Amino acid sequence: MKTLIILHGWQSSKEKWQKVKENIESDEIEVIVPDLPGFKPETELKEPWTLDNYVEWLKDFSQDKEKFFLLGHSFGGRVAIKFATRYPEKLYGLILVSAAGIKKPPSFFQRFLKSGARLVKKLKIEETPQTKGLWEIFKKIFYRYILRKTDYLEASGFLKDTIKNVLEEDLTPLLKEIKVPVLILWGEKDKITPLTDAYLIKKEIKFSQLEILPGVGHTPHLENPELLIQKIKEFLQ
């Protein structure tokens with residue numbers, strides 16, 4: 001029997017992949033969707049993790065499986081990419097769905113923001129009672145409606161340092177090391193991990209094929225699960 005392990009995205013859960021699991025699982029294929037540590041009360045982290053911690057967690061989790069297919073979505077794609085380079089002998093193949101991990105040089109705007117953050121820290125705006133509340137409101141509005149990135153704001157406890165650790169790591173140099181067959185599935189309208197990332201991954205991984213999903217954004221398992229399921233099944237055959 002073939003085994004497919006699915007790694008969900010940041011702040012997500014196995015429940016979001018239930019429809020995919022139910023429609024792929026059969027007498028020939030076992031589908032396992034674990035909850036990645038840190039995103040539920042029962043899996044709360046006891047300290048900040050790095051991407052390596054997640055890779056080693058997956059190694060321990062899958063120790064009873066001699067070999068399997070691995071699918072990683074978004075943040076789960078980060079874990080999957082690094083796992084594939086560290087433990088290629090464990091994999092029949094790799095499916096990357098809107099995978100994160102490509103770190104781009106900071107734009108002028110991002111450098112400007114970083115300078116502003118240093119100034120805020122220097123002036124102790126976040127520590128002053130009169131300005132702290134207003135700053136928190138501004139920060140939430142800025143991240144949500146201007147940067148359109150809320151992962152850090154929504155993180156709590158050790159996840160705040162964990163996401164910092166994860167985002168610091170650029171996986172681009174590792175892509176050339178992946179030697180197992182790879183299917184890259186990407187939403188045509190993905191605004192979180194842009195299509196340029198998909199083309200870069202396709203270029204760097206020798207044994208890979210790219211399928212662009214029309215009319216789909218960053219969550220194909222929720223937006224068009226039927227199409228996603230079809231592509232996964234074709235790869236597993």
# chains A, B, ... in the order shown; residues from 1 in each chain; ligands from 1
$ residues_around --residues "region 165-168 of chain A" --least-positions-apart "5" --cutoff "8 Å" --atoms "only C-alpha atoms" --output "PyMOL selection string"
chain A and resi 49-51+101+103
$ write_last_selection --atoms "C-alpha atoms" --output "mmCIF file, in the first residue's frame"
data_model
loop_
_atom_site.group_PDB
_atom_site.id
_atom_site.type_symbol
_atom_site.label_atom_id
_atom_site.label_comp_id
_atom_site.auth_asym_id
_atom_site.auth_seq_id
_atom_site.Cartn_x
_atom_site.Cartn_y
_atom_site.Cartn_z
ATOM 1 C CA TRP A 49 11.158 25.998 17.046
ATOM 2 C CA THR A 50 13.181 26.262 13.861
ATOM 3 C CA LEU A 51 12.464 24.637 10.513
ATOM 4 C CA GLY A 101 10.447 29.080 1.371
ATOM 5 C CA LYS A 103 13.216 34.466 0.325
#
$ residues_around --residues "Val79 (chain A)" --least-positions-apart "2" --cutoff "9 Å" --atoms "only C-alpha atoms" --output "list in words"
Leu7, Leu51, Asp52, Tyr54, Val55, Leu58, Gly72, Phe75, Gly76, Gly77, Ile81, Lys82, Phe83, Ala84 and Gly101 of chain A
$ closest_atom_pairs --of "region 5-72 of chain A" --to "region 201-221 of chain A" --cutoff "12 Å" --atoms "only C-alpha atoms" --output "CSV"
residue,atom,partner,partner_atom,distance
A:Ile6,CA,A:His221,CA,11.3
A:His8,CA,A:His221,CA,10.1
A:Gly9,CA,A:Thr219,CA,9.4
A:Trp10,CA,A:Thr219,CA,11.8
A:Ser12,CA,A:Thr219,CA,10.9
A:Lys14,CA,A:His221,CA,11.4
A:Glu15,CA,A:His221,CA,11.0
A:Lys16,CA,A:His221,CA,7.6
A:Trp17,CA,A:His221,CA,6.6
A:Gln18,CA,A:His221,CA,9.2
A:Lys19,CA,A:His221,CA,8.0
A:Val20,CA,A:His221,CA,6.8
A:Lys21,CA,A:His221,CA,10.1
A:Asn23,CA,A:His221,CA,11.5
A:Leu71,CA,A:His221,CA,11.9
A:Gly72,CA,A:His221,CA,11.7
$ write_last_selection --atoms "C-alpha atoms" --output "mmCIF file, in the first residue's frame"
data_model
loop_
_atom_site.group_PDB
_atom_site.id
_atom_site.type_symbol
_atom_site.label_atom_id
_atom_site.label_comp_id
_atom_site.auth_asym_id
_atom_site.auth_seq_id
_atom_site.Cartn_x
_atom_site.Cartn_y
_atom_site.Cartn_z
ATOM 1 C CA ILE A 6 0.097 15.793 3.928
ATOM 2 C CA HIS A 8 -0.789 21.687 6.218
ATOM 3 C CA GLY A 9 0.074 25.388 6.232
ATOM 4 C CA TRP A 10 0.833 27.883 8.988
ATOM 5 C CA SER A 12 -3.956 25.606 9.739
ATOM 6 C CA LYS A 14 -5.653 18.582 9.467
ATOM 7 C CA GLU A 15 -9.386 19.311 9.319
ATOM 8 C CA LYS A 16 -8.854 21.693 6.369
ATOM 9 C CA TRP A 17 -7.538 18.732 4.355
ATOM 10 C CA GLN A 18 -10.272 16.259 5.288
ATOM 11 C CA LYS A 19 -12.026 16.371 1.906
ATOM 12 C CA VAL A 20 -8.759 15.738 0.070
ATOM 13 C CA LYS A 21 -7.931 12.871 2.419
ATOM 14 C CA ASN A 23 -11.283 11.408 -1.745
ATOM 15 C CA LEU A 71 2.756 16.734 0.173
ATOM 16 C CA GLY A 72 3.464 20.136 1.686
#
$ closest_atom_pairs --of "region 82-107 of chain A" --to "region 171-189 of chain A" --cutoff "9 Å" --atoms "only C-alpha atoms" --output "Markdown table"
| residue | atom | partner | partner_atom | distance |
| --- | --- | --- | --- | --- |
| A:Lys82 | CA | A:Leu174 | CA | 7.3 |
| A:Ala84 | CA | A:Ile178 | CA | 6.2 |
| A:Thr85 | CA | A:Ile178 | CA | 5.5 |
| A:Pro88 | CA | A:Val180 | CA | 6.9 |
| A:Glu89 | CA | A:Val180 | CA | 8.9 |
| A:Leu91 | CA | A:Val180 | CA | 7.1 |
| A:Tyr92 | CA | A:Val180 | CA | 6.7 |
| A:Gly93 | CA | A:Pro181 | CA | 4.9 |
| A:Leu94 | CA | A:Val182 | CA | 4.7 |
| A:Ile95 | CA | A:Leu183 | CA | 4.7 |
| A:Leu96 | CA | A:Ile184 | CA | 4.9 |
| A:Val97 | CA | A:Leu185 | CA | 4.8 |
| A:Ser98 | CA | A:Trp186 | CA | 5.0 |
| A:Ala99 | CA | A:Trp186 | CA | 8.3 |
| A:Ala100 | CA | A:Leu171 | CA | 8.8 |
| A:Gly101 | CA | A:Leu171 | CA | 5.2 |
| A:Ile102 | CA | A:Thr172 | CA | 5.7 |
| A:Lys103 | CA | A:Leu171 | CA | 7.4 |
$ write_last_selection --atoms "N, CA and C atoms" --output "mmCIF file, in the first residue's frame"
data_model
loop_
_atom_site.group_PDB
_atom_site.id
_atom_site.type_symbol
_atom_site.label_atom_id
_atom_site.label_comp_id
_atom_site.auth_asym_id
_atom_site.auth_seq_id
_atom_site.Cartn_x
_atom_site.Cartn_y
_atom_site.Cartn_z
ATOM 1 N N LYS A 82 12.795 20.840 2.867
ATOM 2 C CA LYS A 82 13.995 20.538 3.647
ATOM 3 C C LYS A 82 14.067 19.062 4.005
ATOM 4 N N ALA A 84 12.986 16.646 2.150
ATOM 5 C CA ALA A 84 13.375 15.941 0.924
ATOM 6 C C ALA A 84 14.874 16.008 0.675
ATOM 7 N N THR A 85 15.519 17.070 1.126
ATOM 8 C CA THR A 85 16.970 17.174 0.940
ATOM 9 C C THR A 85 17.726 16.419 2.026
ATOM 10 N N PRO A 88 16.084 11.967 1.612
ATOM 11 C CA PRO A 88 15.519 11.569 0.310
ATOM 12 C C PRO A 88 15.180 10.088 0.233
ATOM 13 N N GLU A 89 15.893 9.279 1.014
ATOM 14 C CA GLU A 89 15.650 7.831 0.988
ATOM 15 C C GLU A 89 14.269 7.462 1.528
ATOM 16 N N LEU A 91 11.479 9.029 0.634
ATOM 17 C CA LEU A 91 10.427 9.516 -0.247
ATOM 18 C C LEU A 91 10.373 8.813 -1.599
ATOM 19 N N TYR A 92 9.143 8.486 -2.020
ATOM 20 C CA TYR A 92 8.884 8.069 -3.397
ATOM 21 C C TYR A 92 8.763 9.293 -4.297
ATOM 22 N N GLY A 93 8.175 10.347 -3.743
ATOM 23 C CA GLY A 93 7.947 11.561 -4.505
ATOM 24 C C GLY A 93 7.472 12.691 -3.611
ATOM 25 N N LEU A 94 7.493 13.900 -4.152
ATOM 26 C CA LEU A 94 7.188 15.107 -3.379
ATOM 27 C C LEU A 94 6.171 15.943 -4.144
ATOM 28 N N ILE A 95 5.136 16.424 -3.439
ATOM 29 C CA ILE A 95 4.145 17.324 -4.027
ATOM 30 C C ILE A 95 4.201 18.648 -3.269
ATOM 31 N N LEU A 96 4.494 19.721 -3.984
ATOM 32 C CA LEU A 96 4.574 21.046 -3.378
ATOM 33 C C LEU A 96 3.376 21.865 -3.842
ATOM 34 N N VAL A 97 2.517 22.247 -2.909
ATOM 35 C CA VAL A 97 1.325 23.019 -3.221
ATOM 36 C C VAL A 97 1.500 24.427 -2.674
ATOM 37 N N SER A 98 1.672 25.389 -3.590
ATOM 38 C CA SER A 98 1.874 26.793 -3.170
ATOM 39 C C SER A 98 2.882 26.863 -2.023
ATOM 40 N N ALA A 99 4.014 26.216 -2.221
ATOM 41 C CA ALA A 99 5.007 26.084 -1.149
ATOM 42 C C ALA A 99 5.707 27.403 -0.838
ATOM 43 N N ALA A 100 5.918 27.654 0.442
ATOM 44 C CA ALA A 100 6.698 28.806 0.876
ATOM 45 C C ALA A 100 8.172 28.402 0.960
ATOM 46 N N GLY A 101 9.033 29.385 1.182
ATOM 47 C CA GLY A 101 10.447 29.080 1.371
ATOM 48 C C GLY A 101 11.393 29.871 0.506
ATOM 49 N N ILE A 102 10.848 30.611 -0.479
ATOM 50 C CA ILE A 102 11.694 31.421 -1.357
ATOM 51 C C ILE A 102 11.815 32.812 -0.749
ATOM 52 N N LYS A 103 13.000 33.155 -0.308
ATOM 53 C CA LYS A 103 13.216 34.466 0.325
ATOM 54 C C LYS A 103 13.795 35.430 -0.700
#
$ residues_around --residues "Phe39 (chain A)" --least-positions-apart "4" --cutoff "9 Å" --atoms "only C-alpha atoms" --output "NGL selection string"
:A and (10-13 or 35 or 43-45 or 155 or 159)
$ closest_residue --among "A:Val31, A:Ile24, A:Ala80, A:Met1" --to "Gln230 (chain A)" --atoms "only C-alpha atoms"
A:Ile24
$ closest_residue --among "A:Val33, A:Arg86, A:Glu42, A:Pro48" --to "Phe61 (chain A)" --atoms "only C-alpha atoms"
A:Val33
$ atom_distance --atom1 "CA of Lys2 (chain A)" --atom2 "CA of Ser26 (chain A)"
9.7 Å
$ atom_distance --atom1 "CA of Glu30 (chain A)" --atom2 "CA of Thr3 (chain A)"
4.7 Å
